[in-house]
file run_29.cif (mmCIF, C-alpha atoms and all ligand atoms)
data_target
#
loop_
_atom_site.label_atom_id
_atom_site.label_comp_id
_atom_site.auth_asym_id
_atom_site.auth_seq_id
_atom_site.Cartn_x
_atom_site.Cartn_y
_atom_site.Cartn_z
CA MET A 27 104.92 155.80 119.61
CA LYS A 28 104.91 154.03 122.98
CA ILE A 29 108.25 152.39 123.82
CA GLY A 30 109.33 150.84 127.10
CA ILE A 31 109.76 147.75 129.25
CA ASP A 32 107.75 144.77 127.99
CA SER A 33 108.97 142.10 130.44
CA ILE A 34 111.47 142.00 133.29
CA ALA A 35 113.15 139.41 135.55
CA PHE A 36 116.07 139.10 137.95
CA SER A 37 118.46 136.47 139.26
CA THR A 38 121.07 136.30 142.00
CA SER A 39 123.34 133.84 143.78
CA ARG A 40 121.93 130.74 145.42
CA TYR A 41 123.94 131.55 148.58
CA PHE A 42 123.70 134.33 151.13
CA LEU A 43 125.27 135.51 154.37
CA ARG A 44 123.16 137.00 157.17
CA LEU A 45 124.47 140.41 158.13
CA GLU A 46 123.98 139.63 161.82
CA ILE A 47 126.76 137.05 161.39
CA LEU A 48 128.97 139.61 159.64
CA ALA A 49 128.21 142.19 162.35
CA ALA A 50 129.23 139.75 165.11
CA HIS A 51 132.57 139.06 163.37
CA ARG A 52 133.24 142.75 162.71
CA GLY A 53 132.36 143.82 166.27
CA VAL A 54 129.50 146.04 165.07
CA LYS A 55 125.92 146.14 166.35
CA PHE A 56 123.58 144.46 163.82
CA GLU A 57 121.25 147.50 164.12
CA LYS A 58 123.90 149.59 162.37
CA TYR A 59 123.48 147.37 159.32
CA SER A 60 119.73 146.71 159.57
CA GLN A 61 118.61 150.23 160.55
CA GLY A 62 121.59 152.54 159.95
CA ILE A 63 122.30 151.14 156.47
CA GLY A 64 119.09 149.24 155.72
CA GLN A 65 120.50 145.82 154.78
CA ILE A 66 119.89 142.40 156.35
CA MET A 67 121.53 139.85 153.99
CA MET A 68 124.11 139.79 151.21
CA PRO A 69 124.35 137.31 148.35
CA VAL A 70 127.68 135.49 148.14
CA PHE A 71 128.80 134.01 144.84
CA PRO A 72 130.38 130.54 144.65
CA PRO A 73 133.22 129.84 142.17
CA ASN A 74 130.86 128.60 139.45
CA GLU A 75 128.64 131.70 139.35
CA ASP A 76 129.48 135.05 137.81
CA ILE A 77 127.87 137.97 135.98
CA VAL A 78 127.30 135.77 132.92
CA THR A 79 125.57 132.84 134.64
CA ILE A 80 123.13 135.06 136.54
CA ALA A 81 122.57 137.16 133.41
CA ILE A 82 121.58 134.06 131.42
CA ASP A 83 119.19 133.02 134.18
CA ALA A 84 117.54 136.46 134.33
CA ALA A 85 117.36 136.71 130.52
CA ARG A 86 115.78 133.26 130.12
CA LYS A 87 113.03 134.29 132.53
CA ALA A 88 112.52 137.69 130.87
CA ILE A 89 112.06 136.17 127.39
CA ALA A 90 110.14 133.02 128.45
CA HIS A 91 106.86 134.38 127.01
CA ILE A 92 108.27 135.25 123.57
CA GLU A 93 107.17 132.99 120.73
CA ASN A 94 109.54 134.41 118.18
CA ILE A 95 112.96 134.78 119.75
CA ALA A 96 114.27 136.04 116.38
CA ALA A 97 112.57 139.35 117.13
CA ILE A 98 115.48 140.13 119.49
CA ASP A 99 118.03 141.87 117.30
CA PHE A 100 120.06 143.81 119.84
CA LEU A 101 121.51 142.73 123.21
CA ILE A 102 123.07 145.35 125.48
CA PHE A 103 124.99 144.04 128.50
CA ALA A 104 125.54 146.72 131.14
CA THR A 105 128.12 145.99 133.83
CA GLU A 106 131.00 147.36 135.83
CA SER A 107 132.09 143.88 136.99
CA SER A 108 133.49 142.86 133.64
CA PHE A 109 136.27 140.26 133.62
CA ASP A 110 137.35 140.94 130.04
CA LEU A 111 138.37 144.29 128.61
CA SER A 112 137.77 143.13 125.04
CA LYS A 113 135.03 140.51 124.62
CA ALA A 114 131.52 141.59 125.59
CA ALA A 115 130.01 139.36 128.31
CA GLY A 116 126.76 139.47 126.35
CA ILE A 117 128.23 137.22 123.66
CA TYR A 118 128.09 134.26 126.07
CA VAL A 119 124.44 135.14 126.74
CA HIS A 120 123.77 135.38 123.00
CA HIS A 121 125.21 131.85 122.60
CA PHE A 122 123.18 130.20 125.37
CA LEU A 123 119.96 131.98 124.40
CA LYS A 124 120.50 130.95 120.76
CA LEU A 125 119.74 134.45 119.53
CA ARG A 126 119.91 135.10 115.80
CA GLU A 127 123.34 135.52 114.23
CA ASP A 128 122.67 139.06 113.06
CA CYS A 129 121.75 140.25 116.56
CA ARG A 130 124.13 143.04 117.66
CA VAL A 131 125.80 142.49 121.06
CA ILE A 132 127.67 145.13 123.02
CA GLU A 133 128.79 145.76 126.58
CA ILE A 134 128.57 149.20 128.15
CA LYS A 135 129.91 150.70 131.35
CA GLN A 136 129.38 153.73 133.56
CA ALA A 137 129.24 152.35 137.09
CA CYS A 138 125.68 151.78 138.32
CA TYR A 139 124.23 154.10 135.67
CA SER A 140 124.99 151.74 132.76
CA ALA A 141 121.65 149.88 132.55
CA THR A 142 119.85 153.23 132.29
CA ALA A 143 122.19 154.27 129.48
CA ALA A 144 121.34 150.91 127.87
CA LEU A 145 117.61 151.52 128.30
CA GLN A 146 117.80 154.96 126.66
CA LEU A 147 119.92 153.57 123.81
CA ALA A 148 117.43 150.71 123.35
CA LYS A 149 114.55 153.18 123.27
CA SER A 150 116.20 155.20 120.47
CA PHE A 151 116.97 151.99 118.57
CA VAL A 152 113.36 150.79 118.78
CA ARG A 153 112.13 154.22 117.64
CA GLU A 154 114.16 153.69 114.45
CA ASN A 155 113.34 149.97 114.13
CA HIS A 156 109.72 149.48 115.14
CA ASN A 157 109.71 145.68 115.01
CA SER A 158 112.86 145.29 117.11
CA LYS A 159 113.01 143.90 120.59
CA VAL A 160 116.13 144.89 122.53
CA LEU A 161 117.30 142.70 125.39
CA VAL A 162 118.91 144.85 128.09
CA ILE A 163 120.85 143.14 130.88
CA GLY A 164 122.36 144.78 133.94
CA SER A 165 124.56 142.31 135.83
CA ASP A 166 126.98 143.12 138.63
CA ILE A 167 128.72 141.58 141.61
CA VAL A 168 130.04 144.21 144.01
CA LYS A 169 133.02 143.46 146.24
CA TYR A 170 134.68 145.73 148.81
CA SER A 171 137.68 144.84 150.96
CA SER A 172 137.01 142.75 154.07
CA GLY A 173 136.32 144.87 157.12
CA SER A 174 135.82 148.09 155.12
CA SER A 175 132.78 150.32 155.67
CA GLY A 176 131.44 149.22 152.29
CA GLU A 177 131.52 145.50 153.17
CA PRO A 178 127.94 145.24 154.56
CA THR A 179 126.61 146.84 151.36
CA GLN A 180 128.17 144.21 149.06
CA GLY A 181 125.73 142.46 146.76
CA GLY A 182 124.99 141.24 143.32
CA ALA A 183 122.22 140.41 140.89
CA ALA A 184 121.32 140.49 137.23
CA VAL A 185 118.22 142.09 135.81
CA ALA A 186 117.03 141.50 132.24
CA PHE A 187 114.32 143.38 130.42
CA LEU A 188 112.94 143.60 126.92
CA VAL A 189 112.48 147.01 125.35
CA SER A 190 109.90 147.21 122.56
CA THR A 191 106.93 149.11 121.20
CA ASP A 192 103.60 148.59 123.01
CA PRO A 193 105.32 147.58 126.25
CA GLN A 194 103.19 145.58 128.68
CA ILE A 195 104.87 146.83 131.85
CA MET A 196 106.00 150.45 131.55
CA ILE A 197 106.16 153.13 128.87
CA ILE A 198 109.35 155.17 129.21
CA GLU A 199 108.40 158.83 128.85
CA ASP A 200 110.40 161.33 126.83
CA GLY A 201 112.25 163.97 128.80
CA SER A 202 114.78 163.34 131.54
CA GLY A 203 117.28 165.27 133.65
CA VAL A 204 120.94 164.27 133.31
CA HIS A 205 123.93 165.42 135.35
CA THR A 206 127.55 164.41 134.73
CA ASN A 207 130.53 165.50 136.80
CA ASP A 208 134.09 164.26 137.31
CA VAL A 209 134.39 163.00 140.88
CA MET A 210 136.45 160.21 142.50
CA ASP A 211 133.77 158.77 144.77
CA PHE A 212 133.95 155.09 143.69
CA TRP A 213 136.20 153.43 141.12
CA ARG A 214 137.85 150.09 140.29
CA PRO A 215 141.14 150.16 138.37
CA ALA A 216 141.42 147.30 135.84
CA SER A 217 143.97 145.50 138.05
CA GLU A 218 141.67 145.37 141.11
CA ASN A 219 138.92 142.93 142.07
CA GLU A 220 137.52 145.14 144.79
CA ALA A 221 136.07 148.61 144.36
CA LEU A 222 137.80 151.62 145.95
CA PHE A 223 135.62 154.37 147.33
CA ASP A 224 135.22 157.50 149.38
CA GLY A 225 131.98 156.69 151.20
CA LYS A 226 131.08 160.16 152.47
CA LEU A 227 131.93 161.87 149.17
CA SER A 228 129.87 159.27 147.28
CA ALA A 229 126.80 159.85 149.46
CA TYR A 230 127.20 163.61 149.08
CA ASN A 231 127.54 163.39 145.30
CA TYR A 232 124.59 160.97 144.99
CA LEU A 233 122.34 163.53 146.71
CA LYS A 234 123.74 166.58 144.92
CA SER A 235 123.34 164.85 141.53
CA LEU A 236 119.79 163.86 142.49
CA ASP A 237 118.91 167.46 143.26
CA ILE A 238 120.28 168.70 139.94
CA SER A 239 118.91 165.92 137.71
CA PHE A 240 115.49 165.93 139.39
CA ASN A 241 115.10 169.70 138.94
CA ARG A 242 116.27 169.40 135.32
CA TYR A 243 113.65 166.68 134.78
CA LEU A 244 110.88 168.85 136.25
CA ALA A 245 111.93 171.85 134.16
CA LYS A 246 112.21 169.85 130.92
CA THR A 247 108.88 168.06 131.34
CA ASN A 248 107.08 171.06 132.79
CA ARG A 249 105.84 168.93 135.70
CA ASP A 250 105.88 169.29 139.44
CA ILE A 251 106.45 166.65 142.06
CA SER A 252 102.69 166.10 142.57
CA SER A 253 102.44 164.58 139.05
CA ILE A 254 104.65 161.66 140.17
CA ASP A 255 102.89 158.77 141.94
CA TYR A 256 105.82 156.59 143.06
CA VAL A 257 109.60 156.90 143.07
CA CYS A 258 112.41 154.36 142.79
CA PHE A 259 116.00 155.27 143.60
CA HIS A 260 119.27 153.56 142.80
CA ALA A 261 119.87 151.73 146.09
CA PRO A 262 123.53 151.07 147.00
CA PHE A 263 121.95 150.38 150.40
CA GLY A 264 118.39 151.08 151.58
CA LYS A 265 119.19 154.08 153.74
CA MET A 266 120.73 155.92 150.76
CA ALA A 267 117.41 155.66 148.91
CA HIS A 268 115.59 157.00 151.98
CA LYS A 269 118.02 159.93 152.08
CA GLY A 270 117.25 160.50 148.39
CA ALA A 271 113.53 160.63 149.18
CA GLN A 272 114.21 163.24 151.89
CA GLN A 273 116.38 165.24 149.49
CA ILE A 274 113.52 165.76 147.02
CA LYS A 275 110.99 166.13 149.86
CA TRP A 276 109.13 162.99 148.85
CA ARG A 277 106.46 162.32 151.46
CA GLU A 278 105.16 158.84 150.52
CA SER A 279 106.79 155.63 151.76
CA ILE A 280 109.38 154.00 149.47
CA ASP A 281 109.52 150.79 151.55
CA ASP A 282 107.86 148.65 148.84
CA THR A 283 110.69 149.53 146.43
CA LEU A 284 113.42 148.30 148.80
CA LEU A 285 112.26 144.81 149.85
CA TYR A 286 114.45 142.95 147.34
CA ASN A 287 117.39 145.31 147.78
CA SER A 288 117.54 144.64 151.54
CA VAL A 289 118.46 140.99 150.84
CA LEU A 290 120.41 141.47 147.58
CA GLY A 291 122.72 144.33 148.60
CA ASN A 292 124.13 146.70 146.02
CA SER A 293 123.52 145.15 142.62
CA CYS A 294 124.84 148.27 140.84
CA SER A 295 123.51 148.39 137.27
CA ALA A 296 120.61 146.10 138.25
CA SER A 297 119.73 147.94 141.47
CA LEU A 298 117.28 150.59 140.21
CA TYR A 299 115.37 148.02 138.12
CA ILE A 300 115.21 145.57 141.03
CA CYS A 301 113.68 148.42 143.08
CA LEU A 302 111.13 148.82 140.28
CA MET A 303 110.40 145.06 140.38
CA SER A 304 110.04 145.21 144.14
CA LEU A 305 107.41 147.94 143.71
CA LEU A 306 105.60 146.05 140.92
CA ASP A 307 105.51 142.89 143.07
CA HIS A 308 104.55 144.50 146.40
CA ALA A 309 102.46 147.65 145.80
CA LYS A 310 99.25 147.35 147.83
CA THR A 311 97.08 149.07 145.23
CA SER A 312 97.06 148.81 141.45
CA LEU A 313 99.83 150.72 139.67
CA GLU A 314 97.86 150.93 136.40
CA GLY A 315 98.35 154.32 134.77
CA LYS A 316 100.65 155.52 137.56
CA ARG A 317 103.72 157.62 136.85
CA ILE A 318 106.93 156.21 138.38
CA GLY A 319 109.92 158.53 138.84
CA LEU A 320 113.28 156.76 138.54
CA TYR A 321 116.65 158.00 139.77
CA SER A 322 119.71 156.33 138.29
CA TYR A 323 123.16 157.16 139.71
CA GLY A 324 126.56 155.81 138.69
CA SER A 325 129.64 156.97 140.55
CA GLY A 326 132.25 158.88 138.73
CA SER A 327 129.60 160.23 137.96
CA VAL A 328 126.51 160.27 135.73
CA ALA A 329 122.97 160.66 137.10
CA GLU A 330 119.63 160.62 135.29
CA TYR A 331 116.10 161.22 136.56
CA PHE A 332 113.38 159.96 134.24
CA SER A 333 109.88 158.52 134.43
CA GLY A 334 107.55 155.85 133.12
CA ILE A 335 103.82 155.11 133.04
CA ILE A 336 102.63 151.66 134.11
CA ASN A 337 100.55 149.75 131.55
CA GLY A 338 97.14 148.33 132.47
CA LYS A 339 98.32 144.80 131.62
CA TYR A 340 101.44 144.85 133.81
CA LYS A 341 100.09 142.22 136.22
CA SER A 342 100.13 139.57 133.50
CA ARG A 343 103.91 140.04 133.22
CA ILE A 344 104.96 140.12 136.86
CA THR A 345 106.17 137.03 138.69
CA ALA A 346 105.99 138.04 142.36
CA GLU A 347 105.49 134.51 143.73
CA LYS A 348 108.33 133.06 141.67
CA ASN A 349 110.63 135.86 142.79
CA GLN A 350 109.73 135.23 146.41
CA ARG A 351 110.30 131.48 146.01
CA MET A 352 113.69 132.09 144.39
CA LEU A 353 114.79 134.23 147.34
CA GLU A 354 113.40 131.83 149.94
CA SER A 355 115.09 128.81 148.38
CA ARG A 356 118.56 130.35 148.73
CA GLU A 357 120.99 128.66 151.10
CA GLU A 358 122.72 130.32 154.00
CA ILE A 359 126.52 130.04 154.19
CA SER A 360 128.81 130.37 157.18
CA PHE A 361 131.23 133.22 157.83
CA GLU A 362 134.12 130.83 157.10
CA GLU A 363 132.73 130.00 153.64
CA TYR A 364 132.17 133.72 153.01
CA GLU A 365 135.81 134.41 153.85
CA LEU A 366 136.93 131.62 151.56
CA PHE A 367 134.99 133.11 148.65
CA CYS A 368 136.43 136.56 149.43
CA LYS A 369 140.03 135.32 149.41
CA ASN A 370 139.82 133.67 146.04
CA SER A 371 136.55 133.01 144.35
CA SER A 372 138.12 130.29 142.21
CA ASP A 373 139.34 128.36 145.29
CA SER A 374 137.96 124.85 145.27
CA THR A 375 136.49 123.49 148.47
CA ASN A 376 135.29 120.08 149.50
CA LYS A 377 131.74 121.19 148.96
CA ILE A 378 130.21 121.14 145.48
CA TYR A 379 128.29 124.37 145.08
CA GLU A 380 125.13 124.31 143.05
CA ASN A 381 124.28 127.43 141.15
CA SER A 382 121.03 129.29 140.89
CA GLY A 383 120.42 129.07 137.17
CA THR A 384 120.74 126.77 134.21
CA VAL A 385 124.33 127.55 133.19
CA ARG A 386 127.52 127.34 135.29
CA LEU A 387 131.11 128.45 134.90
CA LYS A 388 132.82 125.06 134.52
CA SER A 389 136.43 126.20 134.45
CA ILE A 390 138.90 128.81 133.30
CA GLU A 391 141.41 127.21 130.93
CA ASN A 392 144.26 129.24 129.44
CA LYS A 393 142.37 132.29 130.71
CA LYS A 394 139.33 131.28 128.64
CA ARG A 395 136.03 130.98 130.50
CA ILE A 396 134.15 127.75 129.78
CA TYR A 397 130.41 127.74 130.52
CA LEU A 398 128.15 124.66 130.52
CA GLU A 399 124.43 123.98 130.74
CA ASN A 400 123.68 122.30 134.09
P1 LIG B 501 130.05 153.92 157.77
O1 LIG B 501 130.90 155.12 157.57
O2 LIG B 501 130.66 152.75 158.46
O3 LIG B 501 128.72 154.23 158.52
O4 LIG B 501 129.49 153.42 156.36
P2 LIG B 501 128.27 155.50 159.38
O5 LIG B 501 129.14 155.59 160.57
O6 LIG B 501 128.08 156.71 158.50
O7 LIG B 501 126.84 154.93 159.83
C1 LIG B 501 125.86 154.68 158.87
C2 LIG B 501 124.52 154.97 159.52
O8 LIG B 501 124.28 154.00 160.55
C3 LIG B 501 124.47 156.35 160.22
O9 LIG B 501 123.20 156.89 159.97
C4 LIG B 501 124.61 155.99 161.69
O10 LIG B 501 124.02 156.94 162.57
C5 LIG B 501 123.86 154.68 161.74
P3 LIG B 501 123.04 158.26 159.12
O11 LIG B 501 123.81 159.30 159.85
O12 LIG B 501 123.65 157.96 157.76
O13 LIG B 501 121.57 158.49 159.05
N1 LIG B 501 124.20 153.82 162.91
C6 LIG B 501 123.28 153.12 163.59
N2 LIG B 501 121.95 153.00 163.45
C7 LIG B 501 121.28 152.17 164.33
N3 LIG B 501 121.91 151.48 165.33
C8 LIG B 501 123.25 151.58 165.50
C9 LIG B 501 123.99 152.42 164.61
N4 LIG B 501 125.31 152.74 164.48
C10 LIG B 501 125.41 153.60 163.43
N5 LIG B 501 123.84 150.89 166.48
C11 LIG B 501 128.91 154.19 154.13
C12 LIG B 501 128.47 154.04 155.57
C13 LIG B 501 127.78 154.55 153.23
C14 LIG B 501 129.93 155.34 154.10
C15 LIG B 501 129.54 152.88 153.66
O14 LIG B 501 128.59 151.87 153.62
C16 LIG B 501 130.20 152.99 152.34
O15 LIG B 501 131.25 153.60 152.20
N6 LIG B 501 129.61 152.36 151.27
C17 LIG B 501 130.17 152.32 149.92
C18 LIG B 501 129.88 153.57 149.10
C19 LIG B 501 128.42 153.75 148.84
O16 LIG B 501 127.63 152.83 148.84
N7 LIG B 501 128.02 155.01 148.55
C20 LIG B 501 126.62 155.32 148.22
C21 LIG B 501 126.48 156.47 147.23
S1 LIG B 501 127.45 156.21 145.76
C22 LIG B 501 126.51 155.10 144.78
O17 LIG B 501 125.37 154.91 145.04
C23 LIG B 501 127.23 154.42 143.67
C24 LIG B 501 127.62 152.98 143.94
O18 LIG B 501 126.48 152.16 143.86
C25 LIG B 501 128.70 152.54 142.93
C26 LIG B 501 128.46 152.70 141.45
O19 LIG B 501 127.88 153.65 140.96
O20 LIG B 501 128.97 151.85 140.74
C27 LIG B 501 128.23 152.78 145.32
#
call {"tool": "encode", "arguments": {"input": "run_29.cif", "output": "structure tokens"}}
result
Amino acid sequence: MKIGIDSIAFSTSRYFLRLEILAAHRGVKFEKYSQGIGQIMMPVFPPNEDIVTIAIDAARKAIAHIENIAAIDFLIFATESSFDLSKAAGIYVHHFLKLREDCRVIEIKQACYSATAALQLAKSFVRENHNSKVLVIGSDIVKYSSGSSGEPTQGGAAVAFLVSTDPQIMIIEDGSGVHTNDVMDFWRPASENEALFDGKLSAYNYLKSLDISFNRYLAKTNRDISSIDYVCFHAPFGKMAHKGAQQIKWRESIDDTLLYNSVLGNSCSASLYICLMSLLDHAKTSLEGKRIGLYSYGSGSVAEYFSGIINGKYKSRITAEKNQRMLESREEISFEEYELFCKNSSDSTNKIYENSGTVRLKSIENKKRIYLEN
């Protein structure tokens, strides 16, 4: 049975900061960010946007083609930016999408790996329930402390995809290489808003885990690297993905996979799938029938290398022009506004910030989040 990704979409903040502005304020050459790290912009989230609002926007786009929304009977929300240790963020999405009452909703976490865990869980679920459609959402907003080495890699986005039988975009193949090890390379204690990290250790562990999981994948599937046509890497910043390509001695360019990431920054759980969308939207030749290798890495750490085959009808499901328009219609903010958002994202300012999607966070009353349709 063929199971995989049937439709896919992403969303991000309406506002962004140019990294040349950040570089000037941090006394760093812009080339360090643009070439050394591979990033040119970062999204910045106003007080009325969060992982739920962008998730709803991405999900609405990903399910726009579905006639029978009742076919969705499982929603998995993958995130490490959760604001509630009890209630799953996906329940707000379930409400605004008007999904059926007997649709299961859960939230899962393992740093940036979580959307891949959700995809594999969804695949097993669909194998057992052939008529099911599982809505997987990866939504994250990544914040590091001001002036830290991680700051220029900050980012955020939500990706939503439907997992079903006869997928129109990509069949997820059986057989993958997984590697788990206990390492303190990046973590965020429940009391903290900003992630803590050991940058050099994290880069080292990303590459070591890639080596191990990739070789496990090749051994399990009895393939060699020449059977893979394209590769997408989890991209905490573009240069890390390029280092990954070097690590496995990949000779083809991965530039097409990183175009969205360079302006979205690290979108954690969404990142790998946004790299896949970047490839789908920008590949110069048809991807029909091509095998895509995918490397998912979540600090802490769990890594998985797996692969998919692109369906002949994938072009009918991609929305390259819309994605481009969404990114081009974003508004630039000043360094002062960026700093204001960093200090306290719930600070009110004189400016009324619009949000990118159809739902906004109206207020937080008695620690309850109130969302409204725009
Ligand atoms: P840093 O230490 O400030 O940077 O931050 P650096 O000094 O290592 O320089 C970076 C690169 O820029 C170097 O190139 C420099 O040579 C170059 P490289 O040696 O790497 O090839 N450079 C320049 N290039 C051109 N012109 C110039 C110039 N100056 C310097 N003028 C670091 C880098 C990655 C450590 C930092 O961004 C960081 O700590 N980031 C956060 C952690 C992170 O993203 N780790 C990635 C792997 S872990 C992961 O992927 C999981 C994660 O997504 C979380 C999760 O799973 O939830 C993070």
call {"tool": "closest_residue", "arguments": {"input": "run_29.cif", "among": "A:Ala148, A:Ala137, A:Ile336, A:Met196", "to": "ligand LIG 501 (chain B)", "atoms": "all atoms listed in the file"}}
result
A:Ala137
call {"tool": "atom_distance", "arguments": {"input": "run_29.cif", "atom1": "atom C16 of ligand LIG 501 (chain B)", "atom2": "CA of Lys265 (chain A)"}}
result
11.2 Å
call {"tool": "closest_residue", "arguments": {"input": "run_29.cif", "among": "A:Ile102, A:Val185, A:Ile359, A:Ala114", "to": "Cys129 (chain A)", "atoms": "only C-alpha atoms"}}
result
A:Ile102
call {"tool": "closest_residue", "arguments": {"input": "run_29.cif", "among": "A:Ala35, A:Ile47, A:Phe71, A:Ala245", "to": "Glu380 (chain A)", "atoms": "only C-alpha atoms"}}
result
A:Phe71
call {"tool": "residues_around", "arguments": {"input": "run_29.cif", "residues": "Arg343 (chain A)", "least_positions_apart": "6", "cutoff": "9 Å", "atoms": "only C-alpha atoms", "output": "count of residues only"}}
result
6
call {"tool": "closest_residue", "arguments": {"input": "run_29.cif", "among": "A:Leu125, A:Leu298, A:Met303, A:Ile254", "to": "ligand LIG 501 (chain B)", "atoms": "only C-alpha atoms and all ligand atoms"}}
result
A:Leu298
call {"tool": "residues_around", "arguments": {"input": "run_29.cif", "residues": "Ala141 (chain A)", "least_positions_apart": "5", "cutoff": "9 Å", "atoms": "only C-alpha atoms", "output": "PyMOL selection string"}}
result
chain A and resi 102-105+134-136+146+162-165+295-296+298-299+322
call {"tool": "residues_near_ligand", "arguments": {"input": "run_29.cif", "ligand": "ligand LIG 501 (chain B)", "cutoff": "8 Å", "atoms": "only C-alpha atoms and all ligand atoms", "output": "VMD selection string"}}
result
chain A and resid 54 to 63 106 136 to 139 174 to 179 211 to 213 223 to 232 260 to 263 265 to 266 269 292 to 295 323 to 327
call {"tool": "closest_residue", "arguments": {"input": "run_29.cif", "among": "A:Lys169, A:His51, A:Arg44, A:Lys124", "to": "Gly182 (chain A)", "atoms": "all atoms listed in the file"}}
result
A:Lys169
call {"tool": "closest_residue", "arguments": {"input": "run_29.cif", "among": "A:Val160, A:Ala216, A:Ala183, A:Leu111", "to": "Gly30 (chain A)", "atoms": "only C-alpha atoms"}}
result
A:Val160
call {"tool": "atom_distance", "arguments": {"input": "run_29.cif", "atom1": "CA of Ala184 (chain A)", "atom2": "CA of Leu387 (chain A)"}}
result
15.7 Å
call {"tool": "residues_near_point", "arguments": {"input": "run_29.cif", "point": "(134.8, 134.6, 132.6)", "cutoff": "7 Å", "atoms": "all atoms listed in the file", "output": "list in words"}}
result
Phe109, Lys394 and Arg395 of chain A
call {"tool": "write_last_selection", "arguments": {"input": "run_29.cif", "atoms": "C-alpha atoms", "output": "short mmCIF file (atom, residue, chain, number, x, y, z; two decimals), in the coordinates of the input"}}
result
data_model
loop_
_atom_site.label_atom_id
_atom_site.label_comp_id
_atom_site.auth_asym_id
_atom_site.auth_seq_id
_atom_site.Cartn_x
_atom_site.Cartn_y
_atom_site.Cartn_z
CA PHE A 109 136.27 140.26 133.62
CA LYS A 394 139.33 131.28 128.64
CA ARG A 395 136.03 130.98 130.50
#
call {"tool": "residues_around", "arguments": {"input": "run_29.cif", "residues": "Asp281 (chain A)", "least_positions_apart": "2", "cutoff": "10 Å", "atoms": "only C-alpha atoms", "output": "number ranges by chain"}}
result
A: 258, 264, 267-268, 278-279, 283-285, 301, 304-305, 308-309
call {"tool": "write_last_selection", "arguments": {"input": "run_29.cif", "atoms": "C-alpha atoms", "output": "PDB file, keeping the file's coordinate frame"}}
result
ATOM      1  CA  CYS A 258     112.410 154.360 142.790  1.00  0.00           C
ATOM      2  CA  GLY A 264     118.390 151.080 151.580  1.00  0.00           C
ATOM      3  CA  ALA A 267     117.410 155.660 148.910  1.00  0.00           C
ATOM      4  CA  HIS A 268     115.590 157.000 151.980  1.00  0.00           C
ATOM      5  CA  GLU A 278     105.160 158.840 150.520  1.00  0.00           C
ATOM      6  CA  SER A 279     106.790 155.630 151.760  1.00  0.00           C
ATOM      7  CA  THR A 283     110.690 149.530 146.430  1.00  0.00           C
ATOM      8  CA  LEU A 284     113.420 148.300 148.800  1.00  0.00           C
ATOM      9  CA  LEU A 285     112.260 144.810 149.850  1.00  0.00           C
ATOM     10  CA  CYS A 301     113.680 148.420 143.080  1.00  0.00           C
ATOM     11  CA  SER A 304     110.040 145.210 144.140  1.00  0.00           C
ATOM     12  CA  LEU A 305     107.410 147.940 143.710  1.00  0.00           C
ATOM     13  CA  HIS A 308     104.550 144.500 146.400  1.00  0.00           C
ATOM     14  CA  ALA A 309     102.460 147.650 145.800  1.00  0.00           C
TER      15      ALA A 309
END
call {"tool": "axis_aligned_box", "arguments": {"input": "run_29.cif", "around": "region 379-382 of chain A", "padding_each_side": "3 Å", "output": "JSON"}}
result
{"center_x": 124.7, "center_y": 126.8, "center_z": 143.0, "size_x": 13.3, "size_y": 11.0, "size_z": 10.2}
call {"tool": "atom_distance", "arguments": {"input": "run_29.cif", "atom1": "CA of Gln180 (chain A)", "atom2": "CA of Ile31 (chain A)"}}
result
27.3 Å
call {"tool": "residues_around", "arguments": {"input": "run_29.cif", "residues": "region 197-199 of chain A", "least_positions_apart": "4", "cutoff": "6 Å", "atoms": "only C-alpha atoms", "output": "NGL selection string"}}
result
:A and (29-30 or 333-335)
call {"tool": "residues_around", "arguments": {"input": "run_29.cif", "residues": "Val204 (chain A)", "least_positions_apart": "3", "cutoff": "7 Å", "atoms": "only C-alpha atoms", "output": "PyMOL selection string"}}
result
chain A and resi 239+329-331
call {"tool": "write_last_selection", "arguments": {"input": "run_29.cif", "atoms": "C-alpha atoms", "output": "JSON list (two decimals), in the frame of the given file"}}
result
[["chain", "number", "residue", "atom", "x", "y", "z"],
["A", 239, "SER", "CA", 118.91, 165.92, 137.71],
["A", 329, "ALA", "CA", 122.97, 160.66, 137.10],
["A", 330, "GLU", "CA", 119.63, 160.62, 135.29],
["A", 331, "TYR", "CA", 116.10, 161.22, 136.56]]
call {"tool": "residues_near_point", "arguments": {"input": "run_29.cif", "point": "(130.9, 126.7, 139.8)", "cutoff": "7 Å", "atoms": "all atoms listed in the file", "output": "count of residues only"}}
result
9
